[in-house]
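In what follows, a structure is listed as structure tokens, so that the remarks can point back to it.
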Amino acid sequence: MEEDSRPDELVESDALDGTRSLLDRLPDGVYVLDDERRGVFVNERTLELLGTDRVDGEAIDRLRSLFGSAHDRALERQETVAADVYDPATDAWLEARVEPSRTSVTGCLRDVSELKERERRFERQRERMAALNGVYSVMRAINDVIVTDATRDELERVTCETLADEPGYEFAFVAAVDSGTGDVFHRTEAGVEGYVERIPLSTDPDDPAGRGPAGRAIRTQQLQVSNDVLADPDFEPWREDARELGYRSAAAIPIVHGGGLYGVLGVTGANRNAFTDEVAEGFGQLGEVLGHAIAAIERKRALMGDRLTELEYEITDGVGLFDGPSMDGHRIDFERVVRVDDEQFLEYGVTTVETFPKLEALTDCVPHWESVEPIDESAGEVAFELEIASPPLFSVVASHGGYVESAAIDDGDYRMTVHLPESADVRAVTEAIREVYPEATNVARRQVTPSDSSIAQLQDHLYGVLTDRQRTVLETAYYAGFFEWPRHSSGEEIAETLGITPATFHEHLRSAQHKIVAAVFNEPNTTRAEAKRE
């Protein structure tokens, strides 16, 4: 067949003359090519979509270039073919629906850029939801583990296994820092073997191994991500590992609670940009949830453990640090600290009637002491309740799984006794306390054992059956003198202190009392051996 002598011009067709005006008014583009892919007709809308106003070879060449394969398939198969392509000349997505005849193809052309954008947004949303589902799955798994009285090791293992099983993530690990040497060491991992042991990790910002997500997360206690590990210059020490293991993004989530760092959770993603802002925010919350759970586990171990580490600290002239009143010849004993939440603690204690005004004056000097109220006065002594907001010392101790057993101000010096789980890092606790109060000195360290095993067993049982809120309400009621006769504090007063309604206070108190009575009077479970028949 002879080639057309005018390939860049429309082939004349008398059959179309009567319909050109009608086709030019259509909202979609319409064009016709003959079986040699020469232009027969192009309406005005097609020219607009192609970004040209010339009915010549440019428009026809563009159509051939964009949809040539669709034209070929339609003619060969004699069936309708739909195709969408991106047109860089107009920065738009165009869709052509090509209808064949024996001697030509007719194309219906539309701009589908908005549809494509909606599809992209939907796909990004789907990916974000899938990633967030991974975070939520871990949070559910953490809750399930907590209620089974799990250990910290079990909690970290389940966290890593759940993440590694989620689509889009390759593997996960938990690492921690030795407070003595500063070395980063492995705790657990899933989806990979021996990863932390074989890769370089450091907390030193001058060391290339300390500039990646893990090192930065440990130093800043903030989530750090690398959404393209093969292009990230700070990820160079681990680039070959990323290629070998097939991950393209990485996140390091600090496991924190109350200002204390328990370790870092590392997660790798199969694709670039796996950790968008929304997903990263979810992982940041996961680090806090995990830190809170570990703190609760460690705190229970400190309260119920067979052996505890007891530390005594002293701050010479602790009152003078806050320009407080002279305390020569005066003593204040703090007998119990009740944790209301992460931001509020109630401290109960006793002092003499003569010293109480000094305590009131000192409350105005110490920034985190909110208020002090007398709850009882008898025999020359005043029992008091001190409300404390975000106390630095208590928060540091609590973040390492411990609690303040007792404290006192004597002649202006502050002394505090702390109980920690036997496995706690004493060096880290002391260093954290000294960061808050450089003058603090660790004057004693000893191992102690609860003296009454039956009481300890009852306390252990109650710790398991009482909710956090029930325990807080019960402790506060006891130390505020609710059970004294006459009462030192009413239910309404305690409810106001805890920021709950009187009805809620009494509901929690009744539930806690019921569980205590049940623990005392319920018959213990017994196991009977089968009776032998003679």
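Labeling convention for the structure tokens: chains A, B, ... as they appear, residues from 1 per chain, ligands from 1 in order of appearance.
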Pick out each residue of region 283-397 of chain A that DSSP on the backbone tags as helix (DSSP H, G or I); I need them as a tab-separated table (two decimals) with N, CA and C atoms, in the first residue's frame.
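And here's states-v2.tsv as it stands now:
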chain	number	residue	atom	x	y	z
A	283	PHE	N	3.57	5.78	65.95
A	283	PHE	CA	4.70	5.05	66.53
A	283	PHE	C	5.25	5.77	67.75
A	284	GLY	N	5.22	7.11	67.73
A	284	GLY	CA	5.65	7.86	68.91
A	284	GLY	C	4.78	7.53	70.11
A	285	GLN	N	3.48	7.43	69.88
A	285	GLN	CA	2.56	7.06	70.96
A	285	GLN	C	2.83	5.62	71.42
A	286	LEU	N	3.19	4.76	70.47
A	286	LEU	CA	3.50	3.38	70.82
A	286	LEU	C	4.69	3.32	71.78
A	287	GLY	N	5.71	4.15	71.53
A	287	GLY	CA	6.87	4.18	72.42
A	287	GLY	C	6.48	4.59	73.83
A	288	GLU	N	5.55	5.54	73.94
A	288	GLU	CA	5.10	5.98	75.26
A	288	GLU	C	4.26	4.89	75.94
A	289	VAL	N	3.39	4.23	75.18
A	289	VAL	CA	2.57	3.14	75.75
A	289	VAL	C	3.47	2.02	76.24
A	290	LEU	N	4.46	1.66	75.44
A	290	LEU	CA	5.37	0.59	75.81
A	290	LEU	C	6.18	0.98	77.05
A	291	GLY	N	6.63	2.25	77.10
A	291	GLY	CA	7.36	2.73	78.27
A	291	GLY	C	6.51	2.69	79.52
A	292	HIS	N	5.25	3.12	79.39
A	292	HIS	CA	4.33	3.11	80.53
A	292	HIS	C	4.11	1.67	81.02
A	293	ALA	N	3.94	0.74	80.09
A	293	ALA	CA	3.71	-0.65	80.47
A	293	ALA	C	4.93	-1.24	81.17
A	294	ILE	N	6.11	-0.96	80.66
A	294	ILE	CA	7.33	-1.47	81.30
A	294	ILE	C	7.50	-0.87	82.69
A	295	ALA	N	7.20	0.42	82.82
A	295	ALA	CA	7.30	1.08	84.13
A	295	ALA	C	6.35	0.41	85.12
A	296	ALA	N	5.13	0.08	84.66
A	296	ALA	CA	4.16	-0.57	85.55
A	296	ALA	C	4.66	-1.94	85.98
A	297	ILE	N	5.24	-2.68	85.04
A	297	ILE	CA	5.78	-4.00	85.36
A	297	ILE	C	6.92	-3.89	86.37
A	298	GLU	N	7.84	-2.95	86.13
A	298	GLU	CA	8.98	-2.77	87.04
A	298	GLU	C	8.51	-2.27	88.40
A	299	ARG	N	7.50	-1.40	88.40
A	299	ARG	CA	6.99	-0.88	89.67
A	299	ARG	C	6.36	-2.01	90.49
A	300	LYS	N	5.64	-2.89	89.82
A	300	LYS	CA	5.04	-4.02	90.53
A	300	LYS	C	6.13	-4.92	91.09
A	301	ARG	N	7.18	-5.13	90.33
A	301	ARG	CA	8.29	-5.96	90.82
A	301	ARG	C	8.91	-5.34	92.05
A	302	ALA	N	9.01	-3.99	92.04
A	302	ALA	CA	9.59	-3.32	93.21
A	302	ALA	C	8.67	-3.44	94.43
A	303	LEU	N	7.36	-3.37	94.18
A	303	LEU	CA	6.42	-3.45	95.30
A	303	LEU	C	6.27	-4.86	95.83
A	304	MET	N	6.33	-5.84	94.94
A	304	MET	CA	6.00	-7.20	95.33
A	304	MET	C	7.17	-8.17	95.26
A	320	GLY	N	17.69	24.99	101.38
A	320	GLY	CA	18.38	26.18	100.90
A	320	GLY	C	18.44	26.29	99.38
A	321	LEU	N	18.34	25.15	98.69
A	321	LEU	CA	18.35	25.19	97.23
A	321	LEU	C	17.19	26.00	96.68
A	322	PHE	N	16.09	26.06	97.44
A	322	PHE	CA	14.90	26.78	96.99
A	322	PHE	C	14.69	28.07	97.78
A	356	PHE	N	4.71	23.15	111.14
A	356	PHE	CA	3.80	23.20	110.00
A	356	PHE	C	3.82	24.54	109.27
A	357	PRO	N	3.89	25.70	109.98
A	357	PRO	CA	4.00	26.98	109.24
A	357	PRO	C	5.25	27.04	108.36
A	358	LYS	N	6.34	26.40	108.81
A	358	LYS	CA	7.55	26.34	107.99
A	358	LYS	C	7.28	25.56	106.70
A	359	LEU	N	6.53	24.46	106.84
A	359	LEU	CA	6.17	23.67	105.66
A	359	LEU	C	5.31	24.48	104.70
A	360	GLU	N	4.38	25.26	105.23
A	360	GLU	CA	3.55	26.11	104.36
A	360	GLU	C	4.41	27.12	103.61
A	361	ALA	N	5.39	27.71	104.33
A	361	ALA	CA	6.28	28.69	103.68
A	361	ALA	C	7.15	28.01	102.63
A	362	LEU	N	7.62	26.78	102.92
A	362	LEU	CA	8.45	26.05	101.97
A	362	LEU	C	7.66	25.68	100.72
A	363	THR	N	6.37	25.39	100.87
A	363	THR	CA	5.51	25.05	99.73
A	363	THR	C	5.47	26.19	98.72
A	392	PRO	N	10.21	16.04	90.04
A	392	PRO	CA	11.32	15.46	89.28
A	392	PRO	C	11.90	14.20	89.91
A	393	LEU	N	12.08	14.19	91.24
A	393	LEU	CA	12.67	13.02	91.87
A	393	LEU	C	11.74	11.81	91.78
A	394	PHE	N	10.47	12.01	92.09
A	394	PHE	CA	9.53	10.89	92.04
A	394	PHE	C	9.41	10.35	90.63
A	395	SER	N	9.38	11.24	89.64
A	395	SER	CA	9.24	10.82	88.25
A	395	SER	C	10.46	10.00	87.81
A	396	VAL	N	11.64	10.42	88.24
A	396	VAL	CA	12.86	9.68	87.89
A	396	VAL	C	12.82	8.29	88.49
A	397	VAL	N	12.48	8.20	89.77
A	397	VAL	CA	12.43	6.90	90.43
A	397	VAL	C	11.36	6.02	89.80
Legend entry - DSSP-assigned strand (DSSP E or B) among region 20-59 of chain A, expressed as a count of residues only: 10
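Using only C-alpha atoms for every distance, the candidate list A:Glu281, A:Asp206, A:Glu310, A:Glu114 yields A:Glu114 as the residue closest to Ala92 (chain A).
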Legend entry - Residue neighbourhood Trp93 (chain A), 8 Å, only C-alpha atoms, exclusion window fewer than 6 positions, as a VMD selection string: chain A and resid 84 to 87 111 to 113 116
With all heavy atoms retained, could you export that selection as a PDB file, in the first residue's frame?
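Listed below is the output, again-v5.pdb:
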ATOM      1  N   ASP A  84      -5.229   4.675  29.871  1.00  0.00           N
ATOM      2  CA  ASP A  84      -4.960   6.000  30.437  1.00  0.00           C
ATOM      3  C   ASP A  84      -3.446   6.172  30.553  1.00  0.00           C
ATOM      4  O   ASP A  84      -2.729   5.251  30.931  1.00  0.00           O
ATOM      5  CB  ASP A  84      -5.643   6.191  31.793  1.00  0.00           C
ATOM      6  CG  ASP A  84      -5.330   5.088  32.780  1.00  0.00           C
ATOM      7  OD1 ASP A  84      -4.158   4.915  33.146  1.00  0.00           O
ATOM      8  OD2 ASP A  84      -6.266   4.392  33.197  1.00  0.00           O
ATOM      9  N   VAL A  85      -2.982   7.351  30.195  1.00  0.00           N
ATOM     10  CA  VAL A  85      -1.549   7.643  30.194  1.00  0.00           C
ATOM     11  C   VAL A  85      -1.333   9.045  30.747  1.00  0.00           C
ATOM     12  O   VAL A  85      -2.227   9.907  30.716  1.00  0.00           O
ATOM     13  CB  VAL A  85      -0.946   7.545  28.778  1.00  0.00           C
ATOM     14  CG1 VAL A  85      -1.072   6.148  28.220  1.00  0.00           C
ATOM     15  CG2 VAL A  85      -1.594   8.562  27.842  1.00  0.00           C
ATOM     16  N   TYR A  86      -0.114   9.247  31.235  1.00  0.00           N
ATOM     17  CA  TYR A  86       0.261  10.576  31.697  1.00  0.00           C
ATOM     18  C   TYR A  86       0.895  11.328  30.541  1.00  0.00           C
ATOM     19  O   TYR A  86       1.804  10.822  29.873  1.00  0.00           O
ATOM     20  CB  TYR A  86       1.246  10.482  32.864  1.00  0.00           C
ATOM     21  CG  TYR A  86       1.781  11.828  33.302  1.00  0.00           C
ATOM     22  CD1 TYR A  86       0.963  12.742  33.967  1.00  0.00           C
ATOM     23  CD2 TYR A  86       3.096  12.180  33.014  1.00  0.00           C
ATOM     24  CE1 TYR A  86       1.446  13.972  34.347  1.00  0.00           C
ATOM     25  CE2 TYR A  86       3.591  13.414  33.392  1.00  0.00           C
ATOM     26  CZ  TYR A  86       2.769  14.315  34.060  1.00  0.00           C
ATOM     27  OH  TYR A  86       3.254  15.546  34.432  1.00  0.00           O
ATOM     28  N   ASP A  87       0.398  12.557  30.292  1.00  0.00           N
ATOM     29  CA  ASP A  87       0.914  13.400  29.211  1.00  0.00           C
ATOM     30  C   ASP A  87       1.795  14.487  29.812  1.00  0.00           C
ATOM     31  O   ASP A  87       1.283  15.449  30.399  1.00  0.00           O
ATOM     32  CB  ASP A  87      -0.251  14.024  28.434  1.00  0.00           C
ATOM     33  CG  ASP A  87       0.246  14.900  27.283  1.00  0.00           C
ATOM     34  OD1 ASP A  87       1.445  14.803  26.934  1.00  0.00           O
ATOM     35  OD2 ASP A  87      -0.565  15.687  26.762  1.00  0.00           O
ATOM     36  N   ASP A 111      -9.991  14.011  30.260  1.00  0.00           N
ATOM     37  CA  ASP A 111      -8.984  14.338  31.272  1.00  0.00           C
ATOM     38  C   ASP A 111      -9.407  13.647  32.573  1.00  0.00           C
ATOM     39  O   ASP A 111     -10.452  13.952  33.149  1.00  0.00           O
ATOM     40  CB  ASP A 111      -8.909  15.857  31.474  1.00  0.00           C
ATOM     41  CG  ASP A 111      -7.794  16.267  32.435  1.00  0.00           C
ATOM     42  OD1 ASP A 111      -7.371  15.428  33.254  1.00  0.00           O
ATOM     43  OD2 ASP A 111      -7.359  17.436  32.374  1.00  0.00           O
ATOM     44  N   VAL A 112      -8.590  12.693  33.031  1.00  0.00           N
ATOM     45  CA  VAL A 112      -8.920  11.948  34.254  1.00  0.00           C
ATOM     46  C   VAL A 112      -7.947  12.280  35.387  1.00  0.00           C
ATOM     47  O   VAL A 112      -7.748  11.478  36.313  1.00  0.00           O
ATOM     48  CB  VAL A 112      -8.921  10.427  33.974  1.00  0.00           C
ATOM     49  CG1 VAL A 112     -10.068  10.058  33.058  1.00  0.00           C
ATOM     50  CG2 VAL A 112      -7.579   9.975  33.404  1.00  0.00           C
ATOM     51  N   SER A 113      -7.351  13.478  35.331  1.00  0.00           N
ATOM     52  CA  SER A 113      -6.368  13.864  36.351  1.00  0.00           C
ATOM     53  C   SER A 113      -6.984  13.882  37.752  1.00  0.00           C
ATOM     54  O   SER A 113      -6.371  13.410  38.722  1.00  0.00           O
ATOM     55  CB  SER A 113      -5.777  15.239  36.024  1.00  0.00           C
ATOM     56  OG  SER A 113      -5.108  15.219  34.785  1.00  0.00           O
ATOM     57  N   LYS A 116      -7.457  10.377  38.949  1.00  0.00           N
ATOM     58  CA  LYS A 116      -6.176   9.790  39.327  1.00  0.00           C
ATOM     59  C   LYS A 116      -5.703  10.320  40.673  1.00  0.00           C
ATOM     60  O   LYS A 116      -5.159   9.571  41.497  1.00  0.00           O
ATOM     61  CB  LYS A 116      -5.126  10.082  38.247  1.00  0.00           C
ATOM     62  CG  LYS A 116      -5.273   9.235  37.002  1.00  0.00           C
ATOM     63  CD  LYS A 116      -4.902   7.787  37.307  1.00  0.00           C
ATOM     64  CE  LYS A 116      -4.924   6.936  36.047  1.00  0.00           C
ATOM     65  NZ  LYS A 116      -4.559   5.529  36.333  1.00  0.00           N
TER      66      LYS A 116
END
Please list as a short mmCIF file (atom, residue, chain, number, x, y, z; two decimals) with all heavy atoms, in the first residue's frame every residue within 12 Å of Ala407 (chain A), counting only C-alpha atoms and excluding residues in the same chain fewer than 5 positions away.
data_model
loop_
_atom_site.label_atom_id
_atom_site.label_comp_id
_atom_site.auth_asym_id
_atom_site.auth_seq_id
_atom_site.Cartn_x
_atom_site.Cartn_y
_atom_site.Cartn_z
N LEU A 311 17.96 2.17 98.35
CA LEU A 311 18.96 3.23 98.22
C LEU A 311 18.57 4.40 99.09
O LEU A 311 17.39 4.74 99.19
CB LEU A 311 19.06 3.70 96.76
CG LEU A 311 19.36 2.65 95.68
CD1 LEU A 311 19.29 3.29 94.31
CD2 LEU A 311 20.71 2.01 95.91
N GLU A 312 19.56 5.00 99.71
CA GLU A 312 19.32 6.21 100.49
C GLU A 312 20.09 7.36 99.84
O GLU A 312 21.27 7.23 99.52
CB GLU A 312 19.77 6.03 101.94
CG GLU A 312 18.89 5.10 102.74
CD GLU A 312 19.29 5.05 104.21
OE1 GLU A 312 20.04 5.96 104.65
OE2 GLU A 312 18.87 4.12 104.91
N TYR A 313 19.39 8.48 99.65
CA TYR A 313 20.00 9.67 99.07
C TYR A 313 19.88 10.83 100.06
O TYR A 313 18.93 10.90 100.84
CB TYR A 313 19.31 10.06 97.76
CG TYR A 313 19.52 9.05 96.65
CD1 TYR A 313 18.59 8.02 96.44
CD2 TYR A 313 20.63 9.12 95.82
CE1 TYR A 313 18.78 7.09 95.44
CE2 TYR A 313 20.82 8.19 94.80
CZ TYR A 313 19.89 7.18 94.62
OH TYR A 313 20.09 6.27 93.62
N GLU A 314 20.83 11.72 99.97
CA GLU A 314 20.82 12.91 100.84
C GLU A 314 21.18 14.14 100.03
O GLU A 314 22.09 14.10 99.20
CB GLU A 314 21.80 12.74 102.01
CG GLU A 314 21.82 13.93 102.96
CD GLU A 314 22.75 13.72 104.13
OE1 GLU A 314 22.57 12.72 104.85
OE2 GLU A 314 23.67 14.54 104.31
N ILE A 315 20.44 15.21 100.25
CA ILE A 315 20.76 16.51 99.66
C ILE A 315 21.02 17.47 100.83
O ILE A 315 20.07 17.85 101.53
CB ILE A 315 19.62 17.04 98.77
CG1 ILE A 315 19.31 16.05 97.64
CG2 ILE A 315 20.00 18.40 98.19
CD1 ILE A 315 18.13 16.46 96.78
N ARG A 331 11.82 19.19 111.85
CA ARG A 331 11.81 17.95 111.06
C ARG A 331 10.43 17.74 110.45
O ARG A 331 9.40 17.96 111.09
CB ARG A 331 12.17 16.74 111.94
CG ARG A 331 12.18 15.41 111.18
CD ARG A 331 12.51 14.24 112.09
NE ARG A 331 12.42 12.97 111.38
CZ ARG A 331 13.41 12.40 110.72
NH1 ARG A 331 14.60 12.99 110.67
NH2 ARG A 331 13.23 11.25 110.11
N ILE A 332 10.44 17.30 109.19
CA ILE A 332 9.20 16.95 108.48
C ILE A 332 9.38 15.54 107.93
O ILE A 332 10.35 15.26 107.21
CB ILE A 332 8.92 17.93 107.32
CG1 ILE A 332 8.83 19.37 107.83
CG2 ILE A 332 7.64 17.54 106.59
CD1 ILE A 332 8.77 20.41 106.72
N ASP A 333 8.45 14.65 108.26
CA ASP A 333 8.51 13.27 107.76
C ASP A 333 7.46 13.08 106.67
O ASP A 333 6.27 13.37 106.87
CB ASP A 333 8.26 12.29 108.91
CG ASP A 333 9.44 12.20 109.86
OD1 ASP A 333 10.49 11.68 109.45
OD2 ASP A 333 9.31 12.67 111.01
N PHE A 334 7.91 12.57 105.54
CA PHE A 334 7.01 12.23 104.43
C PHE A 334 6.87 10.71 104.44
O PHE A 334 7.83 9.99 104.16
CB PHE A 334 7.59 12.72 103.11
CG PHE A 334 7.86 14.20 103.08
CD1 PHE A 334 9.14 14.69 103.30
CD2 PHE A 334 6.84 15.11 102.85
CE1 PHE A 334 9.41 16.06 103.28
CE2 PHE A 334 7.08 16.47 102.83
CZ PHE A 334 8.36 16.95 103.05
N GLU A 335 5.67 10.24 104.74
CA GLU A 335 5.49 8.81 105.00
C GLU A 335 5.01 8.01 103.80
O GLU A 335 5.23 6.80 103.73
CB GLU A 335 4.51 8.64 106.17
CG GLU A 335 5.03 9.25 107.47
CD GLU A 335 4.03 9.14 108.60
OE1 GLU A 335 2.82 8.97 108.30
OE2 GLU A 335 4.45 9.20 109.76
N ARG A 336 4.33 8.65 102.89
CA ARG A 336 3.78 7.89 101.77
C ARG A 336 3.54 8.80 100.57
O ARG A 336 3.07 9.94 100.73
CB ARG A 336 2.46 7.24 102.16
CG ARG A 336 1.83 6.37 101.07
CD ARG A 336 2.64 5.11 100.84
NE ARG A 336 1.98 4.18 99.93
CZ ARG A 336 2.43 2.97 99.67
NH1 ARG A 336 3.53 2.53 100.25
NH2 ARG A 336 1.79 2.18 98.83
N VAL A 337 3.86 8.30 99.39
CA VAL A 337 3.59 9.02 98.15
C VAL A 337 2.56 8.22 97.35
O VAL A 337 2.74 7.02 97.12
CB VAL A 337 4.86 9.20 97.31
CG1 VAL A 337 4.53 9.89 95.98
CG2 VAL A 337 5.90 10.01 98.07
N GLU A 347 1.56 13.50 98.56
CA GLU A 347 2.51 13.04 99.57
C GLU A 347 1.91 13.29 100.95
O GLU A 347 1.50 14.41 101.26
CB GLU A 347 3.85 13.76 99.42
CG GLU A 347 4.96 13.13 100.25
CD GLU A 347 6.35 13.55 99.78
OE1 GLU A 347 6.45 14.57 99.06
OE2 GLU A 347 7.31 12.86 100.12
N TYR A 348 1.87 12.23 101.74
CA TYR A 348 1.31 12.33 103.07
C TYR A 348 2.43 12.23 104.10
O TYR A 348 3.36 11.43 103.96
CB TYR A 348 0.27 11.22 103.30
CG TYR A 348 -0.94 11.39 102.42
CD1 TYR A 348 -1.02 10.76 101.18
CD2 TYR A 348 -1.98 12.23 102.80
CE1 TYR A 348 -2.12 10.94 100.35
CE2 TYR A 348 -3.09 12.41 101.98
CZ TYR A 348 -3.15 11.77 100.76
OH TYR A 348 -4.24 11.96 99.95
N GLY A 349 2.33 13.06 105.14
CA GLY A 349 3.36 13.07 106.15
C GLY A 349 2.89 13.66 107.45
O GLY A 349 1.70 13.96 107.63
N VAL A 350 3.85 13.87 108.35
CA VAL A 350 3.53 14.40 109.67
C VAL A 350 4.67 15.30 110.13
O VAL A 350 5.84 15.07 109.80
CB VAL A 350 3.30 13.24 110.67
CG1 VAL A 350 4.58 12.43 110.87
CG2 VAL A 350 2.79 13.76 111.99
N LEU A 393 12.08 14.19 91.24
CA LEU A 393 12.67 13.02 91.87
C LEU A 393 11.74 11.81 91.78
O LEU A 393 12.17 10.71 91.43
CB LEU A 393 12.99 13.32 93.34
CG LEU A 393 14.30 14.07 93.62
CD1 LEU A 393 14.47 14.29 95.11
CD2 LEU A 393 15.49 13.30 93.07
N PHE A 394 10.47 12.01 92.09
CA PHE A 394 9.53 10.89 92.04
C PHE A 394 9.41 10.35 90.63
O PHE A 394 9.32 9.14 90.42
CB PHE A 394 8.16 11.32 92.55
CG PHE A 394 8.15 11.75 94.00
CD1 PHE A 394 7.10 12.48 94.51
CD2 PHE A 394 9.20 11.43 94.84
CE1 PHE A 394 7.08 12.88 95.84
CE2 PHE A 394 9.20 11.83 96.17
CZ PHE A 394 8.14 12.55 96.68
N ASP A 413 18.25 19.48 105.77
CA ASP A 413 18.76 18.47 104.85
C ASP A 413 17.62 17.55 104.41
O ASP A 413 16.75 17.20 105.21
CB ASP A 413 19.86 17.63 105.52
CG ASP A 413 21.06 18.47 105.94
OD1 ASP A 413 21.28 19.53 105.32
OD2 ASP A 413 21.76 18.07 106.89
N TYR A 414 17.66 17.15 103.15
CA TYR A 414 16.61 16.27 102.61
C TYR A 414 17.17 14.86 102.47
O TYR A 414 18.25 14.66 101.89
CB TYR A 414 16.14 16.76 101.24
CG TYR A 414 15.04 15.93 100.62
CD1 TYR A 414 13.73 16.07 101.04
CD2 TYR A 414 15.32 14.99 99.63
CE1 TYR A 414 12.71 15.31 100.48
CE2 TYR A 414 14.32 14.23 99.06
CZ TYR A 414 13.01 14.39 99.50
OH TYR A 414 12.01 13.63 98.95
N ARG A 415 16.47 13.88 103.03
CA ARG A 415 16.87 12.47 102.93
C ARG A 415 15.72 11.67 102.34
O ARG A 415 14.56 11.91 102.67
CB ARG A 415 17.28 11.92 104.30
CG ARG A 415 18.50 12.60 104.89
CD ARG A 415 18.93 11.95 106.20
NE ARG A 415 20.11 12.60 106.75
CZ ARG A 415 20.06 13.65 107.56
NH1 ARG A 415 18.89 14.18 107.91
NH2 ARG A 415 21.17 14.18 108.02
N MET A 416 16.07 10.72 101.48
CA MET A 416 15.04 9.94 100.79
C MET A 416 15.49 8.49 100.70
O MET A 416 16.64 8.19 100.38
CB MET A 416 14.83 10.51 99.38
CG MET A 416 13.85 9.73 98.50
SD MET A 416 13.57 10.52 96.89
CE MET A 416 15.19 10.31 96.12
N THR A 417 14.56 7.57 100.97
CA THR A 417 14.80 6.13 100.82
C THR A 417 13.98 5.62 99.64
O THR A 417 12.77 5.84 99.58
CB THR A 417 14.41 5.36 102.10
OG1 THR A 417 15.18 5.86 103.20
CG2 THR A 417 14.67 3.87 101.93
N VAL A 418 14.66 4.94 98.73
CA VAL A 418 14.04 4.47 97.49
C VAL A 418 14.13 2.96 97.42
O VAL A 418 15.16 2.37 97.78
CB VAL A 418 14.76 5.09 96.27
CG1 VAL A 418 14.28 4.46 94.97
CG2 VAL A 418 14.56 6.60 96.25
N HIS A 419 13.05 2.32 96.96
CA HIS A 419 13.05 0.88 96.69
C HIS A 419 12.96 0.65 95.19
O HIS A 419 12.11 1.24 94.50
CB HIS A 419 11.89 0.19 97.39
CG HIS A 419 12.12 -0.02 98.85
ND1 HIS A 419 11.17 -0.55 99.70
CD2 HIS A 419 13.21 0.24 99.63
CE1 HIS A 419 11.66 -0.61 100.93
NE2 HIS A 419 12.89 -0.14 100.91
#
Inset, instruction - Extract, using only C-alpha atoms, all DNA, RNA and protein residues at most 12 Å from Cys108 (chain A), discarding same-chain residues fewer than 6 positions from it, and format them as an MDAnalysis selection string. - result: chainID A and resid 23 26:33 41:43 45:46 49 63 67 71 80:84 94:100
Legend entry - Straight-line distance linking CA of Ala428 (chain A) with CA of Ser179 (chain A), stated in Å to one decimal: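 Taking CA of Ala428 (chain A) as the start and CA of Ser179 (chain A) as the end point, the length is 5.6 Å.
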Inset, instruction - Determine the nearest neighbour of Ala217 (chain A) from the options A:Leu265, A:Ile433, A:Ala383, A:Val40, counting only C-alpha atoms. - result: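 Nearest candidate to Ala217 (chain A) out of A:Leu265, A:Ile433, A:Ala383, A:Val40: A:Leu265.
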Legend entry - Computed interatomic separation between CA of Gly246 (chain A) and CA of Asp228 (chain A) (Å):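 Result for CA of Gly246 (chain A) versus CA of Asp228 (chain A): 12.2 Å, one decimal.
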Inset, instruction - Select, from A:Asp24, A:Arg37, A:Val319, A:Ile60, the residue with the minimum atom-to-atom distance to Ala408 (chain A), counting only C-alpha atoms. - result: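 Result for the nearest residue to Ala408 (chain A): A:Val319.
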Inset, instruction - Give me, please, the distance in Å between CA of Arg121 (chain A) and CA of Leu245 (chain A), quoted to one decimal. - result: 29.4 Å
